[in-house]
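> My structure is below; once you've seen it, I'll send some questions.
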Amino acid sequence: MGLELADLLRQYGPAYRQKYAARLLPSHYQAMRAIERCRTEALGGQVFACPNCGEVRYSYHSCRNRNCPKCQHQQTQAWLEVQQGLLLPVPYFLLTFTLPAELRLLASQNQKLIYHLLFRASAQATQQLASDPRFVGGQIGMLGVLHTWTRNLFYHPHVHYLVPGGGIGTDGCWLPARKDFFLPVKALSKLFRAAFQRALRRTALYARIPPKVWRRAWVVHCKSVGNGQAALKYLAPYIHRVALSNRRLVSIQHRGSMETSQITFQYRPSDTGQLKTCTLSVEHFIQRFLQHVLPRGFVKVRYFGFFAATLRSRLAALQQSLLPDTQQQTEQAEQPTTTPIPAPSWQDNMLCPKCGQPMLFQRILCPPFCRSP
């Protein structure tokens with residue numbers, strides 16, 4: 001087993017929490033403690049035994065924290081399958097709205113408010129411009145995902161939107177966007193900036209913003225992503241976890257304290273794609289990781305337009321209307337007639353690591369505090 005984030009937090013987490021006790025956010029504390037306890041006896045589990053060779057194996061519960069690199073794989077796959085079922089048979093575009101550097105400190109100190117405004121302003125600007133008959137001229141659908149990191153874990157709040165290339169007109173008919181072009185990003189940038197400014201002006205934070213922020217160009221990017229499948233697979237891994245997977249951790253040098261110990265991890269810059277390494281003190285690394293932990297209960301995936309949950313029946317009808325007639329007939333003829341196979345439980349497929357035979361469940365291990373994970 002290679003180096004894991006949980007191992008690092010178990011060793012240095014207590015010292016970090018003690019040093020920053022007065023400034024540590026509740027969400028940061030909860031994420032650290034959950035990752036440290038993940039798949040350990042602290043959360044309880046089950047005991048299995050092999051009837052063939054007598055081997056005993058302990059299977060501990062997962063923490064299910066959305067910031068844990070080891071958890072949520074099944075939830076990620078389930079989310080991906082649901083989103084793939086919502087795709088329309090049209091070209092897709094990936095829109096990215098980035099918060100200016102001058103607002104990042106304010107965002108880190110007021111995460112719920114600023115992230116909410118980032119979603120609202122960017123979605124509002126996109127819907128407003130798309131309603132213009134020169135571009136789409138109708139209601140569009142948007143799937144938005146909040147990211148707060150770069151590949152080397154710097155703080156960089158931005159929102160990705162996966163958007164079908166077209167919209168629904170007032171008569172209910174589909175209005176396709178132009179080929180390989182969705183919306184002009186310069187105009188979208190101005191609308192985004194104005195919408196964010198209007199929303200922030202209603203808060204007490206507006207006085208803290210330097211005036212030059214409202215004069216500079218805000219970064220908005222738009223690119224064609226084919227049928228949307230590849231873009232969904234890119235977004236999916238970050239729905240139920242934060243920016244770092246355990247396989248990116250290369251090595252750690254223990255030098256007594258978290259201030260002097262160092263950790264090295266891998267990343268690929270988006271501009272070159274070449275694999276690089278970054279070495280930080282353990283203290284600095286934990287700080288970089290925790291700044292991407294979202295406030296408890298914050299919704300990082302949001303739907304707008306005809307992707308909204310209340311309009312799913314309309315979306316299903318739109319999917320059928322956009323399919324070629326021959327494909328509609330084929331899908332109607334291939335309606336499933338068999339009963340779905342239930343998903344395997346945690347008692348299934350537990351094989352003995354020594355002889356390979358199926359292991360049998362023996363008993364449940366209660367966590368020390370008699371609390372379910």
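We name chains A, B, ... following the order of the structure tokens; residues begin at 1 in each chain, and ligands are numbered from 1 as shown.
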Please list as a short mmCIF file (atom, residue, chain, number, x, y, z; two decimals) with all heavy atoms, in the first residue's frame every residue within 9 Å of Ile239 of chain A, counting only C-alpha atoms and excluding residues in the same chain fewer than 2 positions away.


data_model
loop_
_atom_site.label_atom_id
_atom_site.label_comp_id
_atom_site.auth_asym_id
_atom_site.auth_seq_id
_atom_site.Cartn_x
_atom_site.Cartn_y
_atom_site.Cartn_z
N ARG A 66 -17.04 13.69 1.79
CA ARG A 66 -16.83 14.03 0.39
C ARG A 66 -15.44 14.58 0.10
O ARG A 66 -15.11 14.85 -1.05
CB ARG A 66 -17.88 15.03 -0.08
CG ARG A 66 -17.85 16.40 0.57
CD ARG A 66 -18.92 17.30 -0.03
NE ARG A 66 -19.01 18.59 0.64
CZ ARG A 66 -19.88 19.54 0.28
NH1 ARG A 66 -20.71 19.33 -0.71
NH2 ARG A 66 -19.91 20.69 0.92
N THR A 76 -19.83 8.25 -7.06
CA THR A 76 -19.37 8.94 -8.26
C THR A 76 -19.86 8.24 -9.51
O THR A 76 -20.34 8.88 -10.46
CB THR A 76 -17.83 9.02 -8.28
OG1 THR A 76 -17.38 9.78 -7.15
CG2 THR A 76 -17.32 9.66 -9.55
N TRP A 79 -23.58 8.82 -9.88
CA TRP A 79 -23.85 10.18 -10.38
C TRP A 79 -23.58 10.27 -11.87
O TRP A 79 -24.36 10.87 -12.62
CB TRP A 79 -22.99 11.18 -9.62
CG TRP A 79 -23.22 12.60 -10.02
CD1 TRP A 79 -24.15 13.47 -9.51
CD2 TRP A 79 -22.52 13.34 -11.04
NE1 TRP A 79 -24.07 14.69 -10.14
CE2 TRP A 79 -23.08 14.64 -11.09
CE3 TRP A 79 -21.47 13.03 -11.91
CZ2 TRP A 79 -22.63 15.62 -11.96
CZ3 TRP A 79 -21.03 14.00 -12.80
CH2 TRP A 79 -21.60 15.28 -12.81
N VAL A 145 -20.73 22.81 -11.87
CA VAL A 145 -19.91 22.16 -10.84
C VAL A 145 -18.87 23.16 -10.34
O VAL A 145 -18.11 23.72 -11.14
CB VAL A 145 -19.22 20.90 -11.38
CG1 VAL A 145 -18.37 20.25 -10.28
CG2 VAL A 145 -20.23 19.90 -11.92
N LEU A 146 -18.83 23.37 -9.04
CA LEU A 146 -17.85 24.28 -8.44
C LEU A 146 -16.52 23.57 -8.22
O LEU A 146 -16.48 22.48 -7.64
CB LEU A 146 -18.37 24.80 -7.10
CG LEU A 146 -17.39 25.65 -6.29
CD1 LEU A 146 -17.16 27.00 -6.96
CD2 LEU A 146 -17.89 25.85 -4.86
N LEU A 235 -15.56 15.79 -15.02
CA LEU A 235 -16.16 16.43 -13.85
C LEU A 235 -16.48 15.43 -12.75
O LEU A 235 -16.41 15.76 -11.56
CB LEU A 235 -17.44 17.16 -14.26
CG LEU A 235 -17.28 18.35 -15.22
CD1 LEU A 235 -18.65 18.86 -15.64
CD2 LEU A 235 -16.48 19.46 -14.58
N ALA A 236 -16.86 14.21 -13.11
CA ALA A 236 -17.39 13.24 -12.15
C ALA A 236 -16.47 12.95 -10.95
O ALA A 236 -16.95 12.90 -9.81
CB ALA A 236 -17.74 11.94 -12.86
N PRO A 237 -15.16 12.74 -11.14
CA PRO A 237 -14.33 12.39 -9.98
C PRO A 237 -14.29 13.45 -8.89
O PRO A 237 -13.96 13.14 -7.75
CB PRO A 237 -12.93 12.19 -10.60
CG PRO A 237 -13.18 11.89 -12.02
CD PRO A 237 -14.39 12.69 -12.39
N ARG A 241 -15.37 14.11 -4.08
CA ARG A 241 -14.12 14.25 -3.34
C ARG A 241 -13.42 15.53 -3.77
O ARG A 241 -13.81 16.17 -4.73
CB ARG A 241 -13.22 13.03 -3.55
CG ARG A 241 -12.70 12.84 -4.96
CD ARG A 241 -11.66 11.73 -4.98
NE ARG A 241 -11.28 11.37 -6.34
CZ ARG A 241 -10.39 12.01 -7.08
NH1 ARG A 241 -9.80 13.10 -6.59
NH2 ARG A 241 -10.08 11.61 -8.29
N VAL A 242 -12.33 15.84 -3.05
CA VAL A 242 -11.57 17.06 -3.32
C VAL A 242 -10.49 16.76 -4.35
O VAL A 242 -10.40 15.66 -4.87
CB VAL A 242 -11.02 17.62 -1.98
CG1 VAL A 242 -9.92 18.62 -2.18
CG2 VAL A 242 -12.15 18.29 -1.23
N LYS A 300 -22.41 21.73 -4.27
CA LYS A 300 -21.40 22.09 -5.26
C LYS A 300 -21.80 21.73 -6.68
O LYS A 300 -21.09 22.06 -7.63
CB LYS A 300 -20.07 21.41 -4.93
CG LYS A 300 -20.08 19.89 -5.05
CD LYS A 300 -18.80 19.26 -4.56
CE LYS A 300 -17.61 19.66 -5.35
NZ LYS A 300 -16.37 18.95 -4.95
N VAL A 301 -22.93 21.05 -6.87
CA VAL A 301 -23.46 20.72 -8.19
C VAL A 301 -24.85 21.34 -8.31
O VAL A 301 -25.72 21.06 -7.48
CB VAL A 301 -23.54 19.21 -8.42
CG1 VAL A 301 -24.05 18.91 -9.82
CG2 VAL A 301 -22.19 18.56 -8.20
#

> For Gly137 of chain A, find every residue with an atom within 8 Å (counting only C-alpha atoms), except residues of its own chain fewer than 3 positions away, and show them as JSON, numbers by chain.

{"A": [130, 131, 132, 133, 134, 167, 169, 175]}

> Got time to write the residues from that selection, C-alpha atoms, as a CSV table (one decimal), in the first residue's frame?


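Output contents, as saved in again.csv:
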chain,number,residue,atom,x,y,z
A,130,ALA,CA,-28.4,32.8,-24.7
A,131,SER,CA,-31.9,34.2,-24.8
A,132,ASP,CA,-30.7,36.7,-27.5
A,133,PRO,CA,-32.0,35.6,-30.9
A,134,ARG,CA,-28.6,36.3,-32.4
A,167,GLY,CA,-32.3,25.8,-26.3
A,169,GLY,CA,-38.1,28.3,-28.0
A,175,LEU,CA,-33.3,25.9,-31.4

> When you count only C-alpha atoms, which of these residues is closest to Met258 of chain A: A:Ala15, A:Leu232, A:Leu3, A:Leu80?

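Counting only C-alpha atoms, the residue closest to Met258 of chain A is A:Ala15.
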
> Just checking: using only C-alpha atoms, which residue out of A:Gln319, A:Gly273, A:Leu106, A:Cys278 ends up closest to Val250 of chain A?

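Ranking A:Gln319, A:Gly273, A:Leu106, A:Cys278 by distance to Val250 of chain A, first place goes to A:Cys278.
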
> Leaving out Asn227 of chain A and any residue of its chain fewer than 6 positions from it, which residues lie within 12 Å of it when counting only C-alpha atoms, given as a list in words?

Gln84, Leu86, Leu87, Leu88, Pro89, Val90, Pro91, Tyr92, Phe93, Leu94, Leu162, Val163, Pro164, Gly165, Asp180 and Lys233 of chain A

> Could those residues be written to a file, using N, CA and C atoms, as a PDB file, in the first residue's frame?


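Okay, this is what ended up in out.pdb:
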ATOM      1  N   GLN A  84     -25.322  10.913 -17.509  1.00  0.00           N
ATOM      2  CA  GLN A  84     -25.269  10.417 -18.879  1.00  0.00           C
ATOM      3  C   GLN A  84     -26.674  10.170 -19.419  1.00  0.00           C
ATOM      4  N   LEU A  86     -29.149  12.011 -18.803  1.00  0.00           N
ATOM      5  CA  LEU A  86     -29.777  13.309 -19.061  1.00  0.00           C
ATOM      6  C   LEU A  86     -29.237  13.999 -20.310  1.00  0.00           C
ATOM      7  N   LEU A  87     -28.185  13.425 -20.908  1.00  0.00           N
ATOM      8  CA  LEU A  87     -27.580  14.064 -22.064  1.00  0.00           C
ATOM      9  C   LEU A  87     -28.535  14.085 -23.257  1.00  0.00           C
ATOM     10  N   LEU A  88     -28.468  15.156 -24.010  1.00  0.00           N
ATOM     11  CA  LEU A  88     -29.237  15.294 -25.241  1.00  0.00           C
ATOM     12  C   LEU A  88     -28.364  14.906 -26.435  1.00  0.00           C
ATOM     13  N   PRO A  89     -28.949  14.402 -27.504  1.00  0.00           N
ATOM     14  CA  PRO A  89     -28.156  14.025 -28.687  1.00  0.00           C
ATOM     15  C   PRO A  89     -27.797  15.239 -29.543  1.00  0.00           C
ATOM     16  N   VAL A  90     -27.082  16.180 -28.932  1.00  0.00           N
ATOM     17  CA  VAL A  90     -26.670  17.422 -29.600  1.00  0.00           C
ATOM     18  C   VAL A  90     -25.232  17.733 -29.193  1.00  0.00           C
ATOM     19  N   PRO A  91     -24.559  18.644 -29.892  1.00  0.00           N
ATOM     20  CA  PRO A  91     -23.205  19.060 -29.466  1.00  0.00           C
ATOM     21  C   PRO A  91     -23.268  19.772 -28.116  1.00  0.00           C
ATOM     22  N   TYR A  92     -22.197  19.621 -27.330  1.00  0.00           N
ATOM     23  CA  TYR A  92     -22.117  20.240 -26.008  1.00  0.00           C
ATOM     24  C   TYR A  92     -20.937  21.202 -25.930  1.00  0.00           C
ATOM     25  N   PHE A  93     -21.068  22.118 -24.961  1.00  0.00           N
ATOM     26  CA  PHE A  93     -20.013  23.098 -24.712  1.00  0.00           C
ATOM     27  C   PHE A  93     -19.697  23.117 -23.220  1.00  0.00           C
ATOM     28  N   LEU A  94     -18.426  23.396 -22.899  1.00  0.00           N
ATOM     29  CA  LEU A  94     -17.994  23.531 -21.508  1.00  0.00           C
ATOM     30  C   LEU A  94     -17.648  24.991 -21.260  1.00  0.00           C
ATOM     31  N   LEU A 162     -21.581  22.418 -18.048  1.00  0.00           N
ATOM     32  CA  LEU A 162     -21.768  21.600 -19.243  1.00  0.00           C
ATOM     33  C   LEU A 162     -23.126  21.989 -19.831  1.00  0.00           C
ATOM     34  N   VAL A 163     -23.110  22.480 -21.074  1.00  0.00           N
ATOM     35  CA  VAL A 163     -24.310  23.087 -21.665  1.00  0.00           C
ATOM     36  C   VAL A 163     -24.561  22.507 -23.055  1.00  0.00           C
ATOM     37  N   PRO A 164     -25.780  22.044 -23.333  1.00  0.00           N
ATOM     38  CA  PRO A 164     -26.100  21.617 -24.696  1.00  0.00           C
ATOM     39  C   PRO A 164     -26.088  22.804 -25.655  1.00  0.00           C
ATOM     40  N   GLY A 165     -25.700  22.544 -26.885  1.00  0.00           N
ATOM     41  CA  GLY A 165     -25.614  23.607 -27.880  1.00  0.00           C
ATOM     42  C   GLY A 165     -26.960  23.935 -28.496  1.00  0.00           C
ATOM     43  N   ASP A 180     -19.994  24.607 -33.507  1.00  0.00           N
ATOM     44  CA  ASP A 180     -18.721  24.953 -32.854  1.00  0.00           C
ATOM     45  C   ASP A 180     -18.700  26.368 -32.272  1.00  0.00           C
ATOM     46  N   LYS A 233     -17.094  12.795 -17.687  1.00  0.00           N
ATOM     47  CA  LYS A 233     -16.107  11.927 -17.024  1.00  0.00           C
ATOM     48  C   LYS A 233     -14.999  12.749 -16.365  1.00  0.00           C
TER      49      LYS A 233
END

> A:Ala42, A:Leu24, A:Leu5, A:Met32: which is nearest Ile252 of chain A, counting only C-alpha atoms?

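Of A:Ala42, A:Leu24, A:Leu5, A:Met32, the one nearest Ile252 of chain A is A:Leu5, counting only C-alpha atoms.
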
> Select, from A:Leu351, A:Arg10, A:Glu36, A:His61, the residue with the minimum atom-to-atom distance to Pro367 of chain A, counting only C-alpha atoms.

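Selected residue with least distance to Pro367 of chain A: A:His61.
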
> Set the distance at 8 Å and use only C-alpha atoms: which residues neighbour Pro295 of chain A once local chain neighbours fewer than 4 positions away are removed? I'd like the list as an NGL selection string.

:A and (27 or 111-112)

> Put those residues in a file: N, CA and C atoms, as a compact mmCIF listing (two decimals), in the first residue's frame.


# COMPACT_ATOMS: atom_id res chain seq x y z
N SER A 27 -15.77 22.81 9.45
CA SER A 27 -15.74 21.90 8.30
C SER A 27 -14.36 21.30 8.09
N GLN A 111 -17.08 31.82 2.26
CA GLN A 111 -17.24 30.83 1.21
C GLN A 111 -18.68 30.64 0.75
N LYS A 112 -19.60 30.45 1.68
CA LYS A 112 -20.98 30.18 1.28
C LYS A 112 -21.55 31.31 0.43
